[in-house]
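Novice: Sharing input_5.cif, mmCIF, C-alpha atoms and all ligand atoms:
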```cif
data_run
#
loop_
_atom_site.label_atom_id
_atom_site.label_comp_id
_atom_site.auth_asym_id
_atom_site.auth_seq_id
_atom_site.Cartn_x
_atom_site.Cartn_y
_atom_site.Cartn_z
CA MET A 761 -18.40 35.46 -54.56
CA ARG A 762 -18.83 34.01 -58.06
CA ILE A 763 -22.13 32.19 -58.56
CA ILE A 764 -22.87 29.61 -61.24
CA ASP A 765 -26.35 28.10 -61.16
CA ALA A 766 -25.79 24.62 -62.61
CA HIS A 767 -29.48 23.77 -63.03
CA VAL A 768 -31.70 26.28 -64.85
CA HIS A 769 -34.53 25.51 -67.26
CA LEU A 770 -35.44 27.78 -70.14
CA TYR A 771 -37.89 27.49 -73.02
CA PRO A 772 -38.45 29.36 -76.28
CA PRO A 773 -41.01 32.21 -76.08
CA GLU A 774 -43.69 30.19 -77.92
CA VAL A 775 -43.71 27.66 -75.06
CA GLY A 776 -44.27 30.37 -72.46
CA LEU A 777 -47.23 31.91 -74.32
CA ASP A 778 -49.45 28.93 -73.54
CA PRO A 779 -47.42 26.08 -72.01
CA ALA A 780 -50.32 23.61 -71.71
CA ALA A 781 -51.43 24.10 -75.32
CA TRP A 782 -47.84 23.85 -76.51
CA ALA A 783 -47.35 20.57 -74.59
CA ALA A 784 -50.58 19.11 -75.98
CA ALA A 785 -49.60 20.05 -79.53
CA HIS A 786 -46.13 18.53 -79.12
CA GLY A 787 -47.07 15.32 -77.29
CA GLU A 788 -45.35 16.21 -74.01
CA PRO A 789 -47.92 15.34 -71.32
CA HIS A 790 -45.40 14.48 -68.60
CA TRP A 791 -43.67 17.85 -68.87
CA ALA A 792 -47.10 19.50 -68.76
CA ALA A 793 -48.02 17.55 -65.61
CA LEU A 794 -44.89 18.83 -63.88
CA CYS A 795 -44.38 22.31 -65.27
CA THR A 796 -47.82 23.71 -66.00
CA ARG A 797 -49.17 22.47 -62.66
CA ARG A 798 -50.80 24.76 -60.12
CA ARG A 799 -50.52 24.44 -56.37
CA ARG A 800 -53.58 23.76 -54.24
CA ASP A 801 -54.05 27.51 -53.78
CA GLY A 802 -54.15 27.95 -57.56
CA ARG A 803 -50.75 29.56 -58.02
CA PRO A 804 -48.47 28.13 -60.76
CA VAL A 805 -45.43 26.10 -59.66
CA GLN A 806 -43.18 28.01 -62.03
CA THR A 807 -42.97 30.90 -64.47
CA PHE A 808 -41.82 30.91 -68.12
CA PRO A 809 -39.28 33.73 -68.45
CA THR A 810 -37.64 34.65 -71.71
CA VAL A 811 -33.87 34.56 -72.02
CA ASP A 812 -33.75 38.37 -71.61
CA HIS A 813 -35.81 38.18 -68.43
CA LEU A 814 -33.56 35.42 -67.08
CA LEU A 815 -30.46 37.54 -67.74
CA ARG A 816 -32.01 40.62 -66.08
CA GLU A 817 -32.89 38.57 -63.01
CA MET A 818 -29.37 37.11 -62.91
CA ASP A 819 -27.98 40.67 -63.04
CA ARG A 820 -30.28 41.82 -60.29
CA GLU A 821 -29.39 38.93 -57.97
CA GLN A 822 -25.72 38.82 -58.99
CA VAL A 823 -25.67 35.38 -60.54
CA ASP A 824 -22.74 35.18 -62.94
CA MET A 825 -23.69 32.20 -65.07
CA ALA A 826 -26.61 29.87 -65.64
CA VAL A 827 -26.23 26.34 -66.97
CA LEU A 828 -29.31 25.67 -69.10
CA GLN A 829 -30.53 22.12 -68.60
CA GLY A 830 -32.50 20.42 -71.31
CA TRP A 831 -35.60 18.50 -70.40
CA TYR A 832 -36.32 14.77 -70.40
CA TRP A 833 -38.75 15.14 -73.28
CA GLU A 834 -40.85 12.23 -74.43
CA LYS A 835 -40.28 13.07 -78.12
CA ALA A 836 -36.93 13.06 -79.88
CA GLU A 837 -37.92 16.10 -82.02
CA THR A 838 -38.61 18.18 -78.92
CA CYS A 839 -35.11 17.38 -77.67
CA VAL A 840 -33.54 18.54 -80.93
CA GLY A 841 -35.63 21.73 -80.91
CA GLN A 842 -34.54 22.57 -77.40
CA ASN A 843 -30.88 21.95 -78.24
CA ARG A 844 -31.09 24.34 -81.20
CA PHE A 845 -32.73 26.98 -79.01
CA PHE A 846 -30.00 26.62 -76.37
CA ALA A 847 -27.31 26.94 -79.05
CA GLU A 848 -28.80 30.31 -80.07
CA CYS A 849 -28.98 31.49 -76.47
CA ARG A 850 -25.36 30.53 -75.91
CA LYS A 851 -24.20 32.21 -79.08
CA ALA A 852 -25.86 35.45 -77.96
CA HIS A 853 -24.60 35.27 -74.35
CA PRO A 854 -21.54 33.01 -74.18
CA ASP A 855 -20.25 34.74 -71.03
CA ARG A 856 -23.48 34.19 -69.08
CA LEU A 857 -24.98 30.93 -70.35
CA ALA A 858 -23.74 27.37 -70.63
CA ALA A 859 -25.99 24.57 -71.82
CA PHE A 860 -26.56 20.84 -71.61
CA ALA A 861 -27.96 18.96 -74.60
CA THR A 862 -30.82 16.53 -74.32
CA PHE A 863 -31.81 13.55 -76.45
CA HIS A 864 -34.26 10.68 -76.60
CA PRO A 865 -32.86 7.19 -77.21
CA SER A 866 -35.84 6.43 -79.48
CA ALA A 867 -34.16 8.64 -82.12
CA GLY A 868 -31.83 5.69 -82.71
CA GLU A 869 -28.10 5.17 -82.53
CA ALA A 870 -27.01 7.25 -85.52
CA ALA A 871 -29.17 10.27 -84.71
CA VAL A 872 -28.19 10.31 -81.03
CA ARG A 873 -24.50 9.98 -81.89
CA ASP A 874 -24.77 12.84 -84.42
CA GLU A 875 -26.66 15.03 -81.95
CA ILE A 876 -24.06 14.53 -79.22
CA ARG A 877 -21.24 15.27 -81.67
CA TRP A 878 -23.07 18.38 -82.82
CA ALA A 879 -23.55 19.46 -79.19
CA ARG A 880 -19.86 19.04 -78.45
CA GLU A 881 -18.93 21.13 -81.52
CA ALA A 882 -21.49 23.77 -80.51
CA GLY A 883 -19.80 24.12 -77.12
CA PHE A 884 -22.37 22.41 -74.93
CA GLY A 885 -21.06 21.59 -71.47
CA GLY A 886 -22.81 18.28 -70.88
CA LEU A 887 -25.87 16.12 -71.48
CA GLY A 888 -29.12 16.40 -69.56
CA GLU A 889 -31.27 16.78 -67.69
CA LEU A 890 -32.24 13.22 -68.58
CA SER A 891 -34.63 10.87 -66.89
CA PRO A 892 -34.84 7.47 -68.55
CA HIS A 893 -37.52 6.54 -66.00
CA SER A 894 -39.69 9.39 -67.27
CA GLN A 895 -38.79 8.93 -70.95
CA ASN A 896 -40.09 5.39 -71.17
CA CYS A 897 -36.56 4.17 -71.70
CA ARG A 898 -34.98 1.17 -70.01
CA MET A 899 -31.88 1.84 -67.95
CA ASP A 900 -30.06 -0.76 -70.08
CA ASP A 901 -31.25 0.70 -73.40
CA PRO A 902 -28.37 0.26 -75.90
CA VAL A 903 -28.74 3.79 -77.35
CA LEU A 904 -28.64 5.27 -73.85
CA ALA A 905 -25.51 3.19 -73.22
CA LEU A 906 -23.89 4.51 -76.39
CA ALA A 907 -24.68 8.09 -75.36
CA LEU A 908 -23.26 7.63 -71.85
CA GLU A 909 -20.14 6.05 -73.33
CA LEU A 910 -19.69 8.98 -75.75
CA ALA A 911 -20.26 11.46 -72.92
CA GLY A 912 -17.36 9.86 -71.06
CA GLU A 913 -15.16 9.94 -74.13
CA TYR A 914 -15.97 13.61 -74.83
CA GLY A 915 -15.73 14.72 -71.21
CA LEU A 916 -19.38 15.79 -71.10
CA PRO A 917 -20.93 15.29 -67.66
CA VAL A 918 -24.44 13.83 -67.65
CA ASN A 919 -27.17 15.36 -65.50
CA LEU A 920 -29.86 12.91 -64.41
CA HIS A 921 -33.11 13.67 -62.62
CA VAL A 922 -33.42 11.73 -59.36
CA THR A 923 -36.57 11.53 -57.26
CA ASP A 924 -36.06 11.00 -53.52
CA PRO A 925 -37.69 7.62 -52.76
CA ARG A 926 -38.68 9.01 -49.33
CA GLY A 927 -39.88 12.35 -50.69
CA ARG A 928 -43.47 13.58 -50.76
CA ASN A 929 -45.83 12.73 -53.57
CA TYR A 930 -46.70 15.31 -56.26
CA PRO A 931 -48.51 15.14 -59.61
CA GLY A 932 -46.16 13.79 -62.27
CA ARG A 933 -43.81 12.16 -59.74
CA VAL A 934 -41.86 9.26 -61.26
CA GLU A 935 -40.02 6.73 -59.11
CA THR A 936 -36.30 6.49 -59.89
CA PRO A 937 -34.75 3.72 -57.75
CA LEU A 938 -31.36 4.83 -56.41
CA GLU A 939 -29.79 1.45 -57.29
CA ASP A 940 -30.34 2.30 -60.98
CA PHE A 941 -27.94 5.26 -60.67
CA GLN A 942 -25.41 3.25 -58.69
CA ARG A 943 -25.48 0.67 -61.48
CA LEU A 944 -24.95 3.38 -64.15
CA ALA A 945 -22.04 4.87 -62.23
CA ARG A 946 -20.37 1.47 -62.04
CA GLY A 947 -21.22 0.59 -65.65
CA PHE A 948 -19.76 3.82 -67.09
CA PRO A 949 -16.72 4.57 -64.93
CA LEU A 950 -15.31 7.16 -67.36
CA THR A 951 -18.52 9.20 -67.40
CA THR A 952 -19.20 11.88 -64.79
CA PHE A 953 -22.77 11.84 -63.55
CA ILE A 954 -24.44 14.86 -61.96
CA LEU A 955 -27.34 13.48 -59.95
CA ALA A 956 -29.91 16.24 -59.55
CA HIS A 957 -31.78 17.17 -56.38
CA TRP A 958 -29.02 15.91 -54.04
CA GLY A 959 -29.20 12.59 -55.90
CA GLY A 960 -32.60 11.99 -54.31
CA GLY A 961 -30.86 11.33 -51.00
CA LEU A 962 -28.05 9.20 -52.46
CA SER A 963 -25.54 11.89 -51.39
CA LEU A 964 -26.34 11.14 -47.74
CA LEU A 965 -25.96 7.39 -48.31
CA GLU A 966 -22.29 7.99 -49.18
CA LYS A 967 -21.78 7.81 -45.43
CA ASP A 968 -21.46 4.06 -46.02
CA PRO A 969 -17.93 3.50 -47.41
CA ALA A 970 -19.17 0.64 -49.59
CA VAL A 971 -21.72 2.95 -51.24
CA ARG A 972 -19.20 5.78 -51.54
CA ALA A 973 -16.68 3.53 -53.30
CA GLY A 974 -19.11 2.95 -56.16
CA LEU A 975 -19.85 6.66 -56.63
CA SER A 976 -16.44 8.18 -57.31
CA ASN A 977 -17.62 9.41 -60.75
CA VAL A 978 -20.81 10.92 -59.28
CA VAL A 979 -21.43 14.49 -58.12
CA TYR A 980 -24.69 16.07 -57.00
CA ASP A 981 -26.61 19.22 -57.73
CA THR A 982 -28.89 21.03 -55.31
CA ALA A 983 -31.76 21.77 -57.71
CA ALA A 984 -35.08 22.52 -55.99
CA SER A 985 -33.45 21.93 -52.59
CA PRO A 986 -35.91 24.06 -50.55
CA LEU A 987 -38.81 22.08 -52.07
CA VAL A 988 -37.34 18.64 -51.50
CA SER A 989 -35.15 18.99 -48.40
CA ASP A 990 -35.00 20.62 -45.02
CA GLU A 991 -32.55 23.53 -44.89
CA LYS A 992 -30.27 21.41 -42.67
CA ILE A 993 -29.36 19.44 -45.82
CA TRP A 994 -26.52 21.82 -46.79
CA ARG A 995 -24.40 21.10 -43.72
CA ALA A 996 -25.59 17.49 -43.43
CA ALA A 997 -24.65 16.62 -47.03
CA LEU A 998 -21.31 18.41 -46.89
CA ASP A 999 -20.49 16.50 -43.71
CA VAL A 1000 -20.86 13.30 -45.75
CA VAL A 1001 -19.50 14.11 -49.22
CA PRO A 1002 -16.41 16.23 -49.93
CA PRO A 1003 -17.12 19.83 -51.03
CA ASP A 1004 -15.91 19.15 -54.57
CA LYS A 1005 -18.91 16.86 -55.15
CA VAL A 1006 -21.78 19.35 -54.86
CA LEU A 1007 -22.88 21.87 -57.52
CA PHE A 1008 -25.16 24.75 -56.66
CA GLY A 1009 -28.31 24.55 -58.77
CA THR A 1010 -31.80 25.92 -58.26
CA ASP A 1011 -34.18 24.47 -60.89
CA TYR A 1012 -35.05 28.09 -61.81
CA PRO A 1013 -37.79 29.10 -62.80
CA LEU A 1014 -39.45 26.86 -60.21
CA VAL A 1015 -40.80 28.92 -57.31
CA LEU A 1016 -38.64 27.59 -54.47
CA PHE A 1017 -40.46 29.19 -51.54
CA PRO A 1018 -44.13 28.97 -52.51
CA ARG A 1019 -45.31 29.90 -48.99
CA THR A 1020 -43.73 33.33 -49.16
CA GLU A 1021 -42.88 33.95 -52.82
CA ASN A 1022 -44.69 34.04 -56.16
CA GLU A 1023 -41.62 34.40 -58.34
CA PRO A 1024 -38.52 32.29 -58.86
CA GLY A 1025 -35.18 33.69 -57.76
CA TRP A 1026 -31.92 33.08 -55.97
CA ARG A 1027 -32.14 35.22 -52.86
CA GLY A 1028 -33.99 32.70 -50.66
CA ILE A 1029 -31.83 29.70 -51.47
CA LEU A 1030 -28.64 31.76 -51.14
CA SER A 1031 -29.69 32.89 -47.68
CA GLU A 1032 -30.30 29.25 -46.72
CA ILE A 1033 -26.69 28.61 -47.73
CA ASP A 1034 -25.54 31.65 -45.72
CA ARG A 1035 -27.26 30.27 -42.63
CA ALA A 1036 -25.85 26.77 -43.14
CA GLY A 1037 -22.50 27.44 -41.51
CA LEU A 1038 -20.36 26.45 -44.49
CA GLY A 1039 -16.72 27.50 -44.68
CA GLU A 1040 -15.50 29.94 -47.34
CA ALA A 1041 -13.67 27.19 -49.21
CA GLU A 1042 -16.76 24.98 -49.22
CA LYS A 1043 -18.91 27.84 -50.49
CA THR A 1044 -16.47 28.78 -53.24
CA LEU A 1045 -16.54 25.23 -54.60
CA LEU A 1046 -20.28 24.78 -54.16
CA LEU A 1047 -21.36 28.08 -55.69
CA ALA A 1048 -19.07 28.09 -58.73
CA GLY A 1049 -15.78 26.21 -58.46
CA ASN A 1050 -17.12 22.72 -59.07
CA ALA A 1051 -19.27 23.72 -62.03
CA ALA A 1052 -16.40 25.72 -63.53
CA ARG A 1053 -14.08 22.73 -63.22
CA LEU A 1054 -16.48 20.10 -64.55
CA LEU A 1055 -17.84 22.20 -67.38
CA LYS A 1056 -14.49 23.85 -68.18
CA LEU A 1057 -16.01 27.33 -67.84
ZN ZN B 1 -35.18 17.28 -61.97
#
```
Would it be possible to restate this file's structure as structure tokens?

Specialist:
Amino acid sequence: MRIIDAHVHLYPPEVGLDPAAWAAAHGEPHWAALCTRRRRDGRPVQTFPTVDHLLREMDREQVDMAVLQGWYWEKAETCVGQNRFFAECRKAHPDRLAAFATFHPSAGEAAVRDEIRWAREAGFGGLGELSPHSQNCRMDDPVLALALELAGEYGLPVNLHVTDPRGRNYPGRVETPLEDFQRLARGFPLTTFILAHWGGGLSLLEKDPAVRAGLSNVVYDTAASPLVSDEKIWRAALDVVPPDKVLFGTDYPLVLFPRTENEPGWRGILSEIDRAGLGEAEKTLLLAGNAARLLKL
């Protein structure tokens, strides 16, 4: 079965050499708090593979494509740097990698508009992963609004980080009230939103028809699912939302099963899905069909 991982993070080699020093030099403390963190037992929460390592791992675990997600950087220059790096990766491996472009509203209207136009020309599949709550940006910021409007016009889905309000605490956790995403979905009806991490539980709230009605332009990804949800989530969520609303994503290179694994990978999460009792049609859409449709892959 074809597999597209719709939520993968990747950084240039210089970041991986010494992530904490790189973050300090570039003014990215929030990223450092999340990504260079160690667990209580001292093991790192994630690794920093190169693009070649990522591709070898995808080959080994039979993952056809990875969608590279930008990060919700605090600095506009870091966003631009990451977009240029992703463009190079895509140029070298257009059959294996798609990419989302990131931006910071503080760059201003003209720069953000130019960057999104550039990203569209360069073949980017969407915008994200963004997190206004983590980027010190108001949800009603006019530059953010312009970007979301453009995304709708250009057919670029927007991936947003969502923290589950009922989820456990962790260093670097930022609250992202679910109402904020419901308001965005209503405010930008022509824009498709991909709410990461099962929408922080919003997917399950679609059980209420009144909630569901306001989320017709919203889909969800499953990034970091084993870290944020019980494995029953797969069946439970797909009993609430139709199978064309969920995109398989891992949050690679996060280590998804820290109790038993030291390395990121797909095997564990794919076996969760195998045990979930999903139908073939559901799995086909979840694992690749929805991403292929939305990102025109
Ligand atoms: Zn996220």

Novice: Mind dumping a table of every chain A residue within 12 Å of ligand ZN 1 (chain B), with the nearest atom pair and its distance in Å to one decimal, using only C-alpha atoms and all ligand atoms, sorted by chain and rising number, as a Markdown table?

Specialist:
```
| residue | atom | partner | partner_atom | distance |
| --- | --- | --- | --- | --- |
| A:Ala766 | CA | B:ZN1 | ZN | 11.9 |
| A:His767 | CA | B:ZN1 | ZN | 8.7 |
| A:Val768 | CA | B:ZN1 | ZN | 10.1 |
| A:His769 | CA | B:ZN1 | ZN | 9.8 |
| A:Trp791 | CA | B:ZN1 | ZN | 11.0 |
| A:Leu794 | CA | B:ZN1 | ZN | 10.0 |
| A:Cys795 | CA | B:ZN1 | ZN | 11.0 |
| A:Gln829 | CA | B:ZN1 | ZN | 9.4 |
| A:Gly830 | CA | B:ZN1 | ZN | 10.2 |
| A:Trp831 | CA | B:ZN1 | ZN | 8.5 |
| A:Tyr832 | CA | B:ZN1 | ZN | 8.9 |
| A:Gly888 | CA | B:ZN1 | ZN | 9.8 |
| A:Glu889 | CA | B:ZN1 | ZN | 6.9 |
| A:Leu890 | CA | B:ZN1 | ZN | 8.3 |
| A:Ser891 | CA | B:ZN1 | ZN | 8.1 |
| A:Pro892 | CA | B:ZN1 | ZN | 11.8 |
| A:His893 | CA | B:ZN1 | ZN | 11.7 |
| A:Ser894 | CA | B:ZN1 | ZN | 10.5 |
| A:Asn919 | CA | B:ZN1 | ZN | 9.0 |
| A:Leu920 | CA | B:ZN1 | ZN | 7.3 |
| A:His921 | CA | B:ZN1 | ZN | 4.2 |
| A:Val922 | CA | B:ZN1 | ZN | 6.4 |
| A:Thr923 | CA | B:ZN1 | ZN | 7.6 |
| A:Asp924 | CA | B:ZN1 | ZN | 10.6 |
| A:Gly932 | CA | B:ZN1 | ZN | 11.5 |
| A:Arg933 | CA | B:ZN1 | ZN | 10.3 |
| A:Val934 | CA | B:ZN1 | ZN | 10.5 |
| A:Glu935 | CA | B:ZN1 | ZN | 12.0 |
| A:Thr936 | CA | B:ZN1 | ZN | 11.0 |
| A:Ile954 | CA | B:ZN1 | ZN | 11.0 |
| A:Leu955 | CA | B:ZN1 | ZN | 8.9 |
| A:Ala956 | CA | B:ZN1 | ZN | 5.9 |
| A:His957 | CA | B:ZN1 | ZN | 6.5 |
| A:Trp958 | CA | B:ZN1 | ZN | 10.1 |
| A:Gly959 | CA | B:ZN1 | ZN | 9.7 |
| A:Gly960 | CA | B:ZN1 | ZN | 9.7 |
| A:Tyr980 | CA | B:ZN1 | ZN | 11.7 |
| A:Asp981 | CA | B:ZN1 | ZN | 9.8 |
| A:Thr982 | CA | B:ZN1 | ZN | 9.9 |
| A:Ala983 | CA | B:ZN1 | ZN | 7.1 |
| A:Ala984 | CA | B:ZN1 | ZN | 8.0 |
| A:Ser985 | CA | B:ZN1 | ZN | 10.6 |
| A:Leu987 | CA | B:ZN1 | ZN | 11.6 |
| A:Val988 | CA | B:ZN1 | ZN | 10.8 |
| A:Gly1009 | CA | B:ZN1 | ZN | 10.5 |
| A:Thr1010 | CA | B:ZN1 | ZN | 10.0 |
| A:Asp1011 | CA | B:ZN1 | ZN | 7.3 |
| A:Tyr1012 | CA | B:ZN1 | ZN | 10.8 |
| A:Leu1014 | CA | B:ZN1 | ZN | 10.6 |
```

Novice: Write out as a PyMOL selection string each polymer residue whose atoms come within 6 Å of range 858-874 of chain A, counting only C-alpha atoms; drop sequence neighbours fewer than 5 positions from it.

Specialist: chain A and resi 827-830+836+839+843+884-888+903-904

Novice: Near range 1027-1035 of chain A, counting all atoms listed in the file, which residues have an atom at most 9 Å away, once you skip same-chain residues fewer than 3 positions from it, shown as a list in words?

Specialist: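 Everything that qualifies: Glu821, Ser985, Pro986, Glu991, Lys992, Trp994, Arg995, Thr1010, Leu1016, Phe1017, Leu1038 and Lys1043 of chain A.
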
Novice: Considering only C-alpha atoms, state which residue in the set A:Ala780, A:Ala911, A:Met761, A:Ile876 is at the smallest distance from Leu1046 in chain A.

Specialist: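 Closest residue, counting only C-alpha atoms: A:Met761.
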
Novice: Rank nothing, just name the residue among A:Leu777, A:Leu944, A:Ala1048, A:Val811 nearest to Arg850 in chain A, using all atoms listed in the file.

Specialist: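 Closest to Arg850 in chain A of all the choices is A:Val811.
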
Novice: Find the distance between CA of Gln842 in chain A and CA of Pro772 in chain A and write it in Å to one decimal.

Specialist: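 Straight-line distance from CA of Gln842 in chain A to CA of Pro772 in chain A works out to 7.9 Å.
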
Novice: Would you work out the distance separating CA of Val823 in chain A from CA of Ala1041 in chain A, expressed in Å to one decimal?

Specialist: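 About the pair CA of Val823 in chain A and CA of Ala1041 in chain A: they are 18.4 Å apart.
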
Novice: Extract, using all atoms listed in the file, all DNA, RNA and protein residues at most 8 Å from Glu909 in chain A, discarding same-chain residues fewer than 6 positions from it, and format them as an MDAnalysis selection string.

Specialist: chainID A and resid 948 950:951

Novice: In Å, how far is it from CA of Gln806 in chain A to CA of Leu1047 in chain A?

Specialist: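 Computed distance, CA of Gln806 in chain A to CA of Leu1047 in chain A, equals 22.7 Å.
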
Novice: Which residues, written as a list of chain:residue names, have at least one atom at most 9 Å from Arg877 in chain A, with all atoms listed in the file counted and residues fewer than 5 positions away on the same chain left out?

Specialist: A:Val872, A:Ala882, A:Leu910, A:Tyr914

Novice: With C-alpha atoms retained, write the just-selected residues as a JSON list (two decimals), in the coordinates of the input.

Specialist:
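Printed below is selection.json as written:
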```json
[["chain", "number", "residue", "atom", "x", "y", "z"],
["A", 872, "VAL", "CA", -28.19, 10.31, -81.03],
["A", 882, "ALA", "CA", -21.49, 23.77, -80.51],
["A", 910, "LEU", "CA", -19.69, 8.98, -75.75],
["A", 914, "TYR", "CA", -15.97, 13.61, -74.83]]
```

Novice: Measuring atom to atom with all atoms listed in the file, identify which of A:Ala784, A:Leu1054, A:Thr1044, A:Gly961 is nearest to Gly927 in chain A.

Specialist: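 Ranked by minimum distance to Gly927 in chain A, first place goes to A:Gly961.
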
Novice: Using all atoms of range 962-981 of chain A that appear in the file, construct an axis-aligned enclosing box with 8 Å of padding on every side and provide its centre coordinates and edge lengths in Å, rounded to one decimal, as JSON.

Specialist:
```
{"center_x": -22.2, "center_y": 9.9, "center_z": -53.1, "size_x": 27.6, "size_y": 34.6, "size_z": 31.3}
```

Novice: Write out as an mmCIF file with C-alpha atoms, in the frame of the given file each polymer residue whose atoms come within 8 Å of Glu1023 in chain A, counting only C-alpha atoms; drop sequence neighbours fewer than 6 positions from it.

Specialist:
```cif
data_model
loop_
_atom_site.group_PDB
_atom_site.id
_atom_site.type_symbol
_atom_site.label_atom_id
_atom_site.label_comp_id
_atom_site.auth_asym_id
_atom_site.auth_seq_id
_atom_site.Cartn_x
_atom_site.Cartn_y
_atom_site.Cartn_z
ATOM 1 C CA GLN A 806 -43.180 28.010 -62.030
ATOM 2 C CA THR A 807 -42.970 30.900 -64.470
ATOM 3 C CA PRO A 1013 -37.790 29.100 -62.800
ATOM 4 C CA VAL A 1015 -40.800 28.920 -57.310
#
```
